[in-house]
Amino acid sequence: MNLIDPKVVLDKKEGVVEIKNYINKIKIIKELYTGGSNTASYICQMVGISLPTANLLLSDLLEEKIVVKEGRGQSQGGRKPDLYGLAEDSFYVVAIDLNRFSGRAAIFNTKNRRVTEVYTKNIPLNSESATIDLIYEFGQEVINGSGIPGEKIIAVGITMPGLVDGVEGFNHTYLKSAKKSLKEIWGKKIGRTVFIENDARAKTLAEFKFAQTGELKNVLGMFVDWGIGLGIIIDGKLYRGFSGFSGEFSHSPLFDNKDISCSCGKRGCLESVASGTAVIRLAKEAIALDSESILAKMAQGKGADLDPSTIVEAAIAGDQRAIGILSDVGLDLGRGIAILIQLLNPELIILGGAIAEANQYITTPIQQALNIYSMAKLREKTEIQLSKLGSEVGLMGAVAIVNEHIFEDSINYN
Ligand SMILES: [Zn+2]
């Protein structure tokens, strides 16, 4: 089976039954990819086919070595049924996670496990058309360097900051020079289906899909690095909003700090007081006041390369000013989170990014702010949890996007 572009195969097929069977096979593969291994009777329900048809298609897929038997499932009375799963090597996807300055990439198998090293490349995001090529070249380097047969690498997920319209395939903040959809440009060059998404939304989806149990329905992911990214899951689905720009919370005008300008050019945004950028501004002030502190010593020689993790490390090492900075930032961040709780009533808020590494130095002031600014009835049911995927969350976000959208064209084929 050609999984790089099953739609091309479908276009060549004739006969209603043949087309139907092919689409159902793709549906089975998608079900096993997104839902994990299961029994034939479960698969036939999910795909909407009879059990004999499911058994027939599964035996084809077993023969093609796309599907394998993985032991036995739970008995419903009588013999334990066979468990079917995707062969780990039946296909692979490329995950690329871009931040404002650089990119990370790796290849993942059908079980969402990383099978290559993590590649890194300096790619400053901007609106030059050369950057679009640079991102394509990065993907190609990873594919070529992996040693995996090219026909087994079937899709690429790319996540990045900015106003990303994942459906149409545009980034309206960076890479604005693209005349056509980025999905289309990269897809043609790489020769595989490409999916793009805003990084915070993708990370939230990854935490939701890969690190939580299936019972949660209303979850927010907040990722505080240089800026603040927000992803919203409502009723178990990623909420994109009308134009695909939901979650631009970091530029909400919540504060009256007229003297600090934000990266967006406005003043008073949450990001200007409660992000990695704010942490660095406050750290520089603190270092100027006390050049003998732990923080000042840890920051020595870093100059413009000083990043928020240094302040987090200084706080953990006991630097009072660093602890104070994180406390101030946490209180302001908590004020923002209080609004989200009042507005969306989530059951879980996942906190990730460099600032979340500060652990209780950031969660304690956040909780304190929630006690002050949100209503007890809403707050007491909302759990705040640190990211479980940690530094892998960016790449897993790109995998989650592929996982969610792969084979859509073939499944909706008519
Ligand atoms: Zn702003």
# chains A, B, ... in the order shown; residues from 1 in each chain; ligands from 1
>>> closest_atom_pairs(of="chain A", to="ligand 1", cutoff="12 Å", atoms="only C-alpha atoms and all ligand atoms", output="JSON lines")
{"residue": "A:Gly227", "atom": "CA", "partner": "ligand 1", "partner_atom_place_in_ligand_line": "1 (Zn)", "distance": 9.2}
{"residue": "A:Ile228", "atom": "CA", "partner": "ligand 1", "partner_atom_place_in_ligand_line": "1 (Zn)", "distance": 10.1}
{"residue": "A:Glu248", "atom": "CA", "partner": "ligand 1", "partner_atom_place_in_ligand_line": "1 (Zn)", "distance": 9.6}
{"residue": "A:Phe249", "atom": "CA", "partner": "ligand 1", "partner_atom_place_in_ligand_line": "1 (Zn)", "distance": 9.2}
{"residue": "A:Ser250", "atom": "CA", "partner": "ligand 1", "partner_atom_place_in_ligand_line": "1 (Zn)", "distance": 6.6}
{"residue": "A:His251", "atom": "CA", "partner": "ligand 1", "partner_atom_place_in_ligand_line": "1 (Zn)", "distance": 3.9}
{"residue": "A:Ser252", "atom": "CA", "partner": "ligand 1", "partner_atom_place_in_ligand_line": "1 (Zn)", "distance": 7.0}
{"residue": "A:Pro253", "atom": "CA", "partner": "ligand 1", "partner_atom_place_in_ligand_line": "1 (Zn)", "distance": 7.6}
{"residue": "A:Leu254", "atom": "CA", "partner": "ligand 1", "partner_atom_place_in_ligand_line": "1 (Zn)", "distance": 10.2}
{"residue": "A:Phe255", "atom": "CA", "partner": "ligand 1", "partner_atom_place_in_ligand_line": "1 (Zn)", "distance": 10.9}
{"residue": "A:Asn257", "atom": "CA", "partner": "ligand 1", "partner_atom_place_in_ligand_line": "1 (Zn)", "distance": 11.7}
{"residue": "A:Ile260", "atom": "CA", "partner": "ligand 1", "partner_atom_place_in_ligand_line": "1 (Zn)", "distance": 10.1}
{"residue": "A:Ser261", "atom": "CA", "partner": "ligand 1", "partner_atom_place_in_ligand_line": "1 (Zn)", "distance": 7.7}
{"residue": "A:Cys262", "atom": "CA", "partner": "ligand 1", "partner_atom_place_in_ligand_line": "1 (Zn)", "distance": 4.5}
{"residue": "A:Ser263", "atom": "CA", "partner": "ligand 1", "partner_atom_place_in_ligand_line": "1 (Zn)", "distance": 5.6}
{"residue": "A:Cys264", "atom": "CA", "partner": "ligand 1", "partner_atom_place_in_ligand_line": "1 (Zn)", "distance": 4.2}
{"residue": "A:Gly265", "atom": "CA", "partner": "ligand 1", "partner_atom_place_in_ligand_line": "1 (Zn)", "distance": 6.3}
{"residue": "A:Lys266", "atom": "CA", "partner": "ligand 1", "partner_atom_place_in_ligand_line": "1 (Zn)", "distance": 5.3}
{"residue": "A:Arg267", "atom": "CA", "partner": "ligand 1", "partner_atom_place_in_ligand_line": "1 (Zn)", "distance": 6.5}
{"residue": "A:Gly268", "atom": "CA", "partner": "ligand 1", "partner_atom_place_in_ligand_line": "1 (Zn)", "distance": 7.3}
{"residue": "A:Cys269", "atom": "CA", "partner": "ligand 1", "partner_atom_place_in_ligand_line": "1 (Zn)", "distance": 4.6}
{"residue": "A:Leu270", "atom": "CA", "partner": "ligand 1", "partner_atom_place_in_ligand_line": "1 (Zn)", "distance": 7.1}
{"residue": "A:Glu271", "atom": "CA", "partner": "ligand 1", "partner_atom_place_in_ligand_line": "1 (Zn)", "distance": 6.0}
{"residue": "A:Ser272", "atom": "CA", "partner": "ligand 1", "partner_atom_place_in_ligand_line": "1 (Zn)", "distance": 6.5}
{"residue": "A:Val273", "atom": "CA", "partner": "ligand 1", "partner_atom_place_in_ligand_line": "1 (Zn)", "distance": 9.9}
{"residue": "A:Ala274", "atom": "CA", "partner": "ligand 1", "partner_atom_place_in_ligand_line": "1 (Zn)", "distance": 11.0}
{"residue": "A:Ser275", "atom": "CA", "partner": "ligand 1", "partner_atom_place_in_ligand_line": "1 (Zn)", "distance": 10.9}
{"residue": "A:Thr277", "atom": "CA", "partner": "ligand 1", "partner_atom_place_in_ligand_line": "1 (Zn)", "distance": 11.3}
{"residue": "A:Ala278", "atom": "CA", "partner": "ligand 1", "partner_atom_place_in_ligand_line": "1 (Zn)", "distance": 11.7}
>>> write_last_selection(atoms="C-alpha atoms", output="compact mmCIF listing (two decimals), in the first residue's frame")
# COMPACT_ATOMS: atom_id res chain seq x y z
CA GLY A 227 6.17 34.78 24.92
CA ILE A 228 3.07 33.07 26.23
CA GLU A 248 -3.78 34.76 21.35
CA PHE A 249 -4.07 35.50 25.03
CA SER A 250 -0.58 36.86 25.62
CA HIS A 251 -1.45 40.17 23.96
CA SER A 252 -4.52 40.82 26.07
CA PRO A 253 -4.30 44.32 27.57
CA LEU A 254 -4.52 43.47 31.25
CA PHE A 255 -2.02 45.85 32.81
CA ASN A 257 2.32 49.50 32.52
CA ILE A 260 6.98 48.82 28.92
CA SER A 261 6.36 48.12 25.28
CA CYS A 262 5.40 44.61 24.18
CA SER A 263 6.83 42.60 21.27
CA CYS A 264 3.54 43.30 19.44
CA GLY A 265 4.14 47.06 19.66
CA LYS A 266 1.35 47.77 22.17
CA ARG A 267 1.55 48.42 25.89
CA GLY A 268 -0.08 46.69 28.83
CA CYS A 269 -0.10 43.17 27.38
CA LEU A 270 0.13 40.14 29.68
CA GLU A 271 3.28 39.10 27.78
CA SER A 272 5.04 42.35 28.65
CA VAL A 273 4.97 41.51 32.39
CA ALA A 274 4.56 37.74 32.61
CA SER A 275 6.80 35.98 30.08
CA THR A 277 10.93 38.45 27.93
CA ALA A 278 9.71 40.10 31.14
>>> select_by_dssp(residues="region 19-193 of chain A", states="alpha helix (DSSP H)", output="short mmCIF file (atom, residue, chain, number, x, y, z; two decimals) with N, CA and C atoms, in the first residue's frame")
data_model
loop_
_atom_site.label_atom_id
_atom_site.label_comp_id
_atom_site.auth_asym_id
_atom_site.auth_seq_id
_atom_site.Cartn_x
_atom_site.Cartn_y
_atom_site.Cartn_z
N ILE A 19 -12.72 0.59 -4.28
CA ILE A 19 -12.47 1.91 -3.68
C ILE A 19 -12.87 1.92 -2.21
N LYS A 20 -14.04 1.34 -1.94
CA LYS A 20 -14.56 1.31 -0.57
C LYS A 20 -13.60 0.54 0.36
N ASN A 21 -13.15 -0.62 -0.11
CA ASN A 21 -12.23 -1.42 0.70
C ASN A 21 -10.94 -0.68 0.98
N TYR A 22 -10.46 0.02 -0.04
CA TYR A 22 -9.20 0.77 0.13
C TYR A 22 -9.38 1.88 1.17
N ILE A 23 -10.48 2.61 1.06
CA ILE A 23 -10.73 3.68 2.03
C ILE A 23 -10.89 3.09 3.44
N ASN A 24 -11.56 1.95 3.53
CA ASN A 24 -11.73 1.33 4.85
C ASN A 24 -10.39 0.86 5.44
N LYS A 25 -9.50 0.42 4.57
CA LYS A 25 -8.16 0.05 5.06
C LYS A 25 -7.45 1.27 5.63
N ILE A 26 -7.56 2.39 4.91
CA ILE A 26 -6.93 3.62 5.39
C ILE A 26 -7.56 4.03 6.73
N LYS A 27 -8.87 3.86 6.82
CA LYS A 27 -9.56 4.20 8.09
C LYS A 27 -9.05 3.32 9.24
N ILE A 28 -8.84 2.03 8.95
CA ILE A 28 -8.32 1.12 9.99
C ILE A 28 -6.92 1.58 10.43
N ILE A 29 -6.08 1.92 9.45
CA ILE A 29 -4.72 2.37 9.77
C ILE A 29 -4.78 3.63 10.62
N LYS A 30 -5.64 4.56 10.23
CA LYS A 30 -5.77 5.81 11.00
C LYS A 30 -6.26 5.53 12.42
N GLU A 31 -7.23 4.64 12.56
CA GLU A 31 -7.78 4.32 13.87
C GLU A 31 -6.68 3.73 14.77
N LEU A 32 -5.87 2.82 14.20
CA LEU A 32 -4.80 2.20 15.00
C LEU A 32 -3.70 3.21 15.32
N TYR A 33 -3.50 4.17 14.41
CA TYR A 33 -2.47 5.20 14.63
C TYR A 33 -2.90 6.18 15.73
N THR A 34 -4.13 6.64 15.66
CA THR A 34 -4.55 7.64 16.65
C THR A 34 -5.06 7.01 17.94
N GLY A 35 -5.71 5.85 17.84
CA GLY A 35 -6.32 5.27 19.04
C GLY A 35 -5.49 4.16 19.68
N ALA A 40 -10.59 -6.63 16.62
CA ALA A 40 -11.34 -6.49 15.37
C ALA A 40 -12.75 -5.97 15.64
N SER A 41 -13.37 -6.42 16.74
CA SER A 41 -14.75 -5.98 16.98
C SER A 41 -14.81 -4.49 17.33
N TYR A 42 -13.78 -3.98 18.02
CA TYR A 42 -13.73 -2.54 18.30
C TYR A 42 -13.46 -1.77 16.99
N ILE A 43 -12.51 -2.26 16.21
CA ILE A 43 -12.14 -1.59 14.97
C ILE A 43 -13.35 -1.49 14.03
N CYS A 44 -14.14 -2.57 13.92
CA CYS A 44 -15.27 -2.53 12.98
C CYS A 44 -16.30 -1.49 13.42
N GLN A 45 -16.46 -1.32 14.73
CA GLN A 45 -17.38 -0.27 15.22
C GLN A 45 -16.86 1.12 14.88
N MET A 46 -15.56 1.34 15.13
CA MET A 46 -14.98 2.66 14.93
C MET A 46 -14.99 3.04 13.44
N VAL A 47 -14.76 2.06 12.59
CA VAL A 47 -14.67 2.34 11.15
C VAL A 47 -16.06 2.30 10.51
N LEU A 51 -18.07 -7.01 11.00
CA LEU A 51 -16.93 -7.77 11.53
C LEU A 51 -16.26 -8.64 10.45
N PRO A 52 -17.04 -9.34 9.61
CA PRO A 52 -16.37 -10.11 8.55
C PRO A 52 -15.52 -9.23 7.63
N THR A 53 -16.03 -8.03 7.28
CA THR A 53 -15.24 -7.12 6.43
C THR A 53 -13.97 -6.69 7.17
N ALA A 54 -14.12 -6.35 8.45
CA ALA A 54 -12.94 -5.93 9.23
C ALA A 54 -11.90 -7.05 9.24
N ASN A 55 -12.35 -8.28 9.46
CA ASN A 55 -11.42 -9.41 9.50
C ASN A 55 -10.70 -9.60 8.17
N LEU A 56 -11.48 -9.42 7.09
CA LEU A 56 -10.91 -9.57 5.75
C LEU A 56 -9.83 -8.51 5.48
N LEU A 57 -10.17 -7.25 5.81
CA LEU A 57 -9.23 -6.15 5.55
C LEU A 57 -8.02 -6.26 6.47
N LEU A 58 -8.25 -6.67 7.72
CA LEU A 58 -7.12 -6.85 8.65
C LEU A 58 -6.17 -7.94 8.15
N SER A 59 -6.73 -9.00 7.58
CA SER A 59 -5.82 -10.07 7.11
C SER A 59 -5.00 -9.58 5.92
N ASP A 60 -5.60 -8.72 5.07
CA ASP A 60 -4.82 -8.07 3.99
C ASP A 60 -3.69 -7.24 4.57
N LEU A 61 -4.04 -6.44 5.59
CA LEU A 61 -3.05 -5.53 6.18
C LEU A 61 -1.94 -6.30 6.91
N LEU A 62 -2.31 -7.47 7.47
CA LEU A 62 -1.31 -8.33 8.12
C LEU A 62 -0.33 -8.85 7.06
N GLU A 63 -0.89 -9.26 5.93
CA GLU A 63 -0.07 -9.79 4.84
C GLU A 63 0.88 -8.72 4.32
N SER A 129 11.75 35.11 1.90
CA SER A 129 11.35 33.85 1.26
C SER A 129 12.44 32.78 1.41
N ALA A 130 13.71 33.21 1.62
CA ALA A 130 14.79 32.23 1.82
C ALA A 130 14.53 31.37 3.06
N THR A 131 13.82 31.93 4.04
CA THR A 131 13.54 31.17 5.27
C THR A 131 12.64 29.98 4.97
N ILE A 132 11.71 30.17 4.04
CA ILE A 132 10.81 29.08 3.65
C ILE A 132 11.63 27.92 3.08
N ASP A 133 12.63 28.27 2.26
CA ASP A 133 13.52 27.24 1.69
C ASP A 133 14.35 26.57 2.77
N LEU A 134 14.82 27.39 3.71
CA LEU A 134 15.66 26.88 4.80
C LEU A 134 14.91 25.80 5.61
N ILE A 135 13.63 26.03 5.81
CA ILE A 135 12.82 25.08 6.58
C ILE A 135 12.63 23.79 5.77
N TYR A 136 12.40 23.95 4.46
CA TYR A 136 12.30 22.77 3.59
C TYR A 136 13.60 21.97 3.63
N GLU A 137 14.74 22.69 3.50
CA GLU A 137 16.05 22.00 3.49
C GLU A 137 16.29 21.25 4.80
N PHE A 138 15.86 21.85 5.89
CA PHE A 138 16.01 21.21 7.21
C PHE A 138 15.26 19.88 7.22
N GLY A 139 14.02 19.89 6.75
CA GLY A 139 13.23 18.65 6.68
C GLY A 139 13.91 17.61 5.82
N GLN A 140 14.43 18.05 4.68
CA GLN A 140 15.08 17.14 3.75
C GLN A 140 16.34 16.54 4.36
N GLU A 141 17.10 17.38 5.10
CA GLU A 141 18.32 16.88 5.77
C GLU A 141 17.98 15.76 6.75
N VAL A 142 16.90 15.94 7.48
CA VAL A 142 16.50 14.94 8.47
C VAL A 142 16.10 13.64 7.77
N ILE A 143 15.33 13.77 6.69
CA ILE A 143 14.89 12.58 5.95
C ILE A 143 16.12 11.85 5.38
N ASN A 144 17.02 12.61 4.73
CA ASN A 144 18.20 12.00 4.12
C ASN A 144 19.13 11.38 5.16
N GLY A 145 19.25 12.06 6.29
CA GLY A 145 20.19 11.60 7.32
C GLY A 145 19.69 10.42 8.13
N SER A 146 18.38 10.13 8.04
CA SER A 146 17.79 9.13 8.93
C SER A 146 18.13 7.70 8.55
N LEU A 182 1.69 27.45 2.75
CA LEU A 182 2.97 26.84 3.14
C LEU A 182 2.86 25.32 3.06
N LYS A 183 1.69 24.80 3.39
CA LYS A 183 1.47 23.35 3.31
C LYS A 183 1.72 22.86 1.89
N GLU A 184 1.24 23.68 0.94
CA GLU A 184 1.37 23.30 -0.47
C GLU A 184 2.82 23.45 -0.94
N ILE A 185 3.44 24.58 -0.57
CA ILE A 185 4.83 24.82 -1.00
C ILE A 185 5.75 23.72 -0.49
N TRP A 186 5.70 23.48 0.83
CA TRP A 186 6.57 22.47 1.42
C TRP A 186 6.17 21.08 0.96
N GLY A 187 4.87 20.83 0.88
CA GLY A 187 4.37 19.51 0.46
C GLY A 187 4.93 19.12 -0.90
N LYS A 188 4.90 20.07 -1.85
CA LYS A 188 5.40 19.79 -3.21
C LYS A 188 6.89 19.51 -3.18
N LYS A 189 7.64 20.35 -2.43
CA LYS A 189 9.10 20.21 -2.41
C LYS A 189 9.53 18.92 -1.72
N ILE A 190 8.91 18.60 -0.60
CA ILE A 190 9.33 17.42 0.16
C ILE A 190 8.69 16.14 -0.41
#
>>> atom_distance(atom1="CA of Glu207 (chain A)", atom2="CA of Ala155 (chain A)")
20.7 Å
>>> atom_distance(atom1="CA of Val8 (chain A)", atom2="CA of Tyr413 (chain A)")
10.8 Å
>>> select_by_dssp(residues="region 111-246 of chain A", states="strand (DSSP E)", output="PyMOL selection string")
chain A and resi 119-122+153-160+164-165+170-171+193-198+219-224+228-234+237-238
>>> atom_distance(atom1="CA of Thr204 (chain A)", atom2="CA of Glu117 (chain A)")
23.3 Å
>>> closest_residue(among="A:Ile323, A:Ala317, A:Ile96, A:Val279", to="Val224 (chain A)", atoms="only C-alpha atoms")
A:Val279
>>> residues_around(residues="Phe208 (chain A)", least_positions_apart="6", cutoff="9 Å", atoms="only C-alpha atoms", output="PyMOL selection string")
chain A and resi 214+216+219+221+233+236
>>> write_last_selection(atoms="C-alpha atoms", output="mmCIF file, in the first residue's frame")
data_model
loop_
_atom_site.group_PDB
_atom_site.id
_atom_site.type_symbol
_atom_site.label_atom_id
_atom_site.label_comp_id
_atom_site.auth_asym_id
_atom_site.auth_seq_id
_atom_site.Cartn_x
_atom_site.Cartn_y
_atom_site.Cartn_z
ATOM 1 C CA GLY A 214 -8.921 9.762 27.903
ATOM 2 C CA LEU A 216 -10.493 14.783 30.292
ATOM 3 C CA VAL A 219 -8.086 21.465 29.119
ATOM 4 C CA GLY A 221 -2.178 24.405 27.810
ATOM 5 C CA ILE A 233 -9.283 21.969 24.237
ATOM 6 C CA GLY A 236 -12.157 16.900 23.806
#
>>> closest_residue(among="A:Met298, A:Gln342, A:Gln320, A:Gly85", to="Arg72 (chain A)", atoms="only C-alpha atoms")
A:Gly85
>>> closest_residue(among="A:Lys7, A:His172, A:Arg114, A:Lys152", to="Ser410 (chain A)", atoms="only C-alpha atoms")
A:Lys7
>>> residues_around(residues="Ala358 (chain A)", least_positions_apart="4", cutoff="8 Å", atoms="only C-alpha atoms", output="list in words")
Val312, Glu313, Ala315, Ile316, Ala354 and Ile362 of chain A
>>> write_last_selection(atoms="all heavy atoms", output="PDB file, in the first residue's frame")
ATOM      1  N   VAL A 312      15.688  30.898  36.140  1.00  0.00           N
ATOM      2  CA  VAL A 312      15.059  29.754  36.810  1.00  0.00           C
ATOM      3  C   VAL A 312      16.119  28.990  37.611  1.00  0.00           C
ATOM      4  O   VAL A 312      15.917  28.658  38.789  1.00  0.00           O
ATOM      5  CB  VAL A 312      14.368  28.839  35.766  1.00  0.00           C
ATOM      6  CG1 VAL A 312      13.936  27.523  36.401  1.00  0.00           C
ATOM      7  CG2 VAL A 312      13.174  29.546  35.134  1.00  0.00           C
ATOM      8  N   GLU A 313      17.279  28.755  36.995  1.00  0.00           N
ATOM      9  CA  GLU A 313      18.365  28.032  37.692  1.00  0.00           C
ATOM     10  C   GLU A 313      18.852  28.816  38.912  1.00  0.00           C
ATOM     11  O   GLU A 313      19.114  28.240  39.971  1.00  0.00           O
ATOM     12  CB  GLU A 313      19.550  27.789  36.739  1.00  0.00           C
ATOM     13  CG  GLU A 313      19.290  26.650  35.766  1.00  0.00           C
ATOM     14  CD  GLU A 313      20.195  26.713  34.527  1.00  0.00           C
ATOM     15  OE1 GLU A 313      21.297  27.298  34.607  1.00  0.00           O
ATOM     16  OE2 GLU A 313      19.767  26.188  33.475  1.00  0.00           O
ATOM     17  N   ALA A 315      17.093  30.889  40.712  1.00  0.00           N
ATOM     18  CA  ALA A 315      16.065  30.796  41.762  1.00  0.00           C
ATOM     19  C   ALA A 315      16.193  29.460  42.492  1.00  0.00           C
ATOM     20  O   ALA A 315      16.160  29.411  43.728  1.00  0.00           O
ATOM     21  CB  ALA A 315      14.671  30.942  41.156  1.00  0.00           C
ATOM     22  N   ILE A 316      16.367  28.384  41.727  1.00  0.00           N
ATOM     23  CA  ILE A 316      16.497  27.053  42.333  1.00  0.00           C
ATOM     24  C   ILE A 316      17.756  26.999  43.215  1.00  0.00           C
ATOM     25  O   ILE A 316      17.768  26.362  44.264  1.00  0.00           O
ATOM     26  CB  ILE A 316      16.484  25.950  41.244  1.00  0.00           C
ATOM     27  CG1 ILE A 316      15.095  25.913  40.583  1.00  0.00           C
ATOM     28  CG2 ILE A 316      16.852  24.581  41.807  1.00  0.00           C
ATOM     29  CD1 ILE A 316      14.985  25.116  39.306  1.00  0.00           C
ATOM     30  N   ALA A 354       9.956  27.158  29.409  1.00  0.00           N
ATOM     31  CA  ALA A 354      11.133  27.390  30.255  1.00  0.00           C
ATOM     32  C   ALA A 354      10.755  27.876  31.654  1.00  0.00           C
ATOM     33  O   ALA A 354      11.362  27.473  32.651  1.00  0.00           O
ATOM     34  CB  ALA A 354      12.049  28.409  29.581  1.00  0.00           C
ATOM     35  N   ILE A 362       7.175  29.126  40.574  1.00  0.00           N
ATOM     36  CA  ILE A 362       6.202  29.797  39.711  1.00  0.00           C
ATOM     37  C   ILE A 362       4.769  29.345  40.041  1.00  0.00           C
ATOM     38  O   ILE A 362       3.838  30.139  39.997  1.00  0.00           O
ATOM     39  CB  ILE A 362       6.552  29.599  38.202  1.00  0.00           C
ATOM     40  CG1 ILE A 362       5.776  30.577  37.318  1.00  0.00           C
ATOM     41  CG2 ILE A 362       6.322  28.188  37.716  1.00  0.00           C
ATOM     42  CD1 ILE A 362       6.380  31.932  37.253  1.00  0.00           C
TER      43      ILE A 362
END
>>> residues_around(residues="Pro161 (chain A)", least_positions_apart="2", cutoff="12 Å", atoms="only C-alpha atoms", output="PyMOL selection string")
chain A and resi 97-103+124-126+158-159+163-166+170-175+196-203+223+225-231+245+247-248+394
>>> write_last_selection(atoms="C-alpha atoms", output="PDB file, in the first residue's frame")
ATOM      1  CA  ASP A  97       9.308  22.359  15.863  1.00  0.00           C
ATOM      2  CA  LEU A  98      10.354  25.934  15.108  1.00  0.00           C
ATOM      3  CA  ASN A  99      10.764  28.691  17.666  1.00  0.00           C
ATOM      4  CA  ARG A 100      11.554  32.337  16.934  1.00  0.00           C
ATOM      5  CA  PHE A 101      15.253  31.637  16.463  1.00  0.00           C
ATOM      6  CA  SER A 102      15.866  27.956  15.698  1.00  0.00           C
ATOM      7  CA  GLY A 103      14.309  24.625  14.855  1.00  0.00           C
ATOM      8  CA  PRO A 124      15.453  32.835  12.582  1.00  0.00           C
ATOM      9  CA  LEU A 125      11.783  33.171  11.686  1.00  0.00           C
ATOM     10  CA  ASN A 126      11.136  36.216   9.525  1.00  0.00           C
ATOM     11  CA  ILE A 158       5.625  21.616  11.344  1.00  0.00           C
ATOM     12  CA  THR A 159       4.794  23.779  14.347  1.00  0.00           C
ATOM     13  CA  LEU A 163      -0.840  33.549  13.781  1.00  0.00           C
ATOM     14  CA  VAL A 164      -0.903  30.176  12.069  1.00  0.00           C
ATOM     15  CA  ASP A 165      -3.901  29.121  10.016  1.00  0.00           C
ATOM     16  CA  GLY A 166      -3.414  25.355  10.017  1.00  0.00           C
ATOM     17  CA  PHE A 170      -0.488  30.258   6.252  1.00  0.00           C
ATOM     18  CA  ASN A 171       1.509  31.954   9.000  1.00  0.00           C
ATOM     19  CA  HIS A 172       0.364  35.576   9.143  1.00  0.00           C
ATOM     20  CA  THR A 173       3.094  36.680  11.570  1.00  0.00           C
ATOM     21  CA  TYR A 174       6.220  35.074  10.099  1.00  0.00           C
ATOM     22  CA  LEU A 175       6.837  33.666   6.599  1.00  0.00           C
ATOM     23  CA  ILE A 196       1.293  23.076  10.052  1.00  0.00           C
ATOM     24  CA  GLU A 197       0.009  24.479  13.316  1.00  0.00           C
ATOM     25  CA  ASN A 198       0.654  27.127  15.924  1.00  0.00           C
ATOM     26  CA  ASP A 199       3.166  25.717  18.424  1.00  0.00           C
ATOM     27  CA  ALA A 200       1.153  26.312  21.608  1.00  0.00           C
ATOM     28  CA  ARG A 201      -1.946  24.692  20.134  1.00  0.00           C
ATOM     29  CA  ALA A 202       0.093  21.695  18.943  1.00  0.00           C
ATOM     30  CA  LYS A 203       1.823  21.331  22.329  1.00  0.00           C
ATOM     31  CA  PHE A 223       3.496  27.536  27.488  1.00  0.00           C
ATOM     32  CA  ASP A 225       8.903  30.797  27.011  1.00  0.00           C
ATOM     33  CA  TRP A 226       9.877  34.148  25.472  1.00  0.00           C
ATOM     34  CA  GLY A 227       6.175  34.781  24.923  1.00  0.00           C
ATOM     35  CA  ILE A 228       3.066  33.072  26.235  1.00  0.00           C
ATOM     36  CA  GLY A 229       1.319  30.495  24.074  1.00  0.00           C
ATOM     37  CA  LEU A 230      -2.138  29.154  24.828  1.00  0.00           C
ATOM     38  CA  GLY A 231      -3.945  26.092  23.499  1.00  0.00           C
ATOM     39  CA  PHE A 245      -6.279  32.121  15.605  1.00  0.00           C
ATOM     40  CA  GLY A 247      -5.555  31.452  22.051  1.00  0.00           C
ATOM     41  CA  GLU A 248      -3.781  34.762  21.349  1.00  0.00           C
ATOM     42  CA  GLY A 394       7.502  20.742  20.941  1.00  0.00           C
TER      43      GLY A 394
END
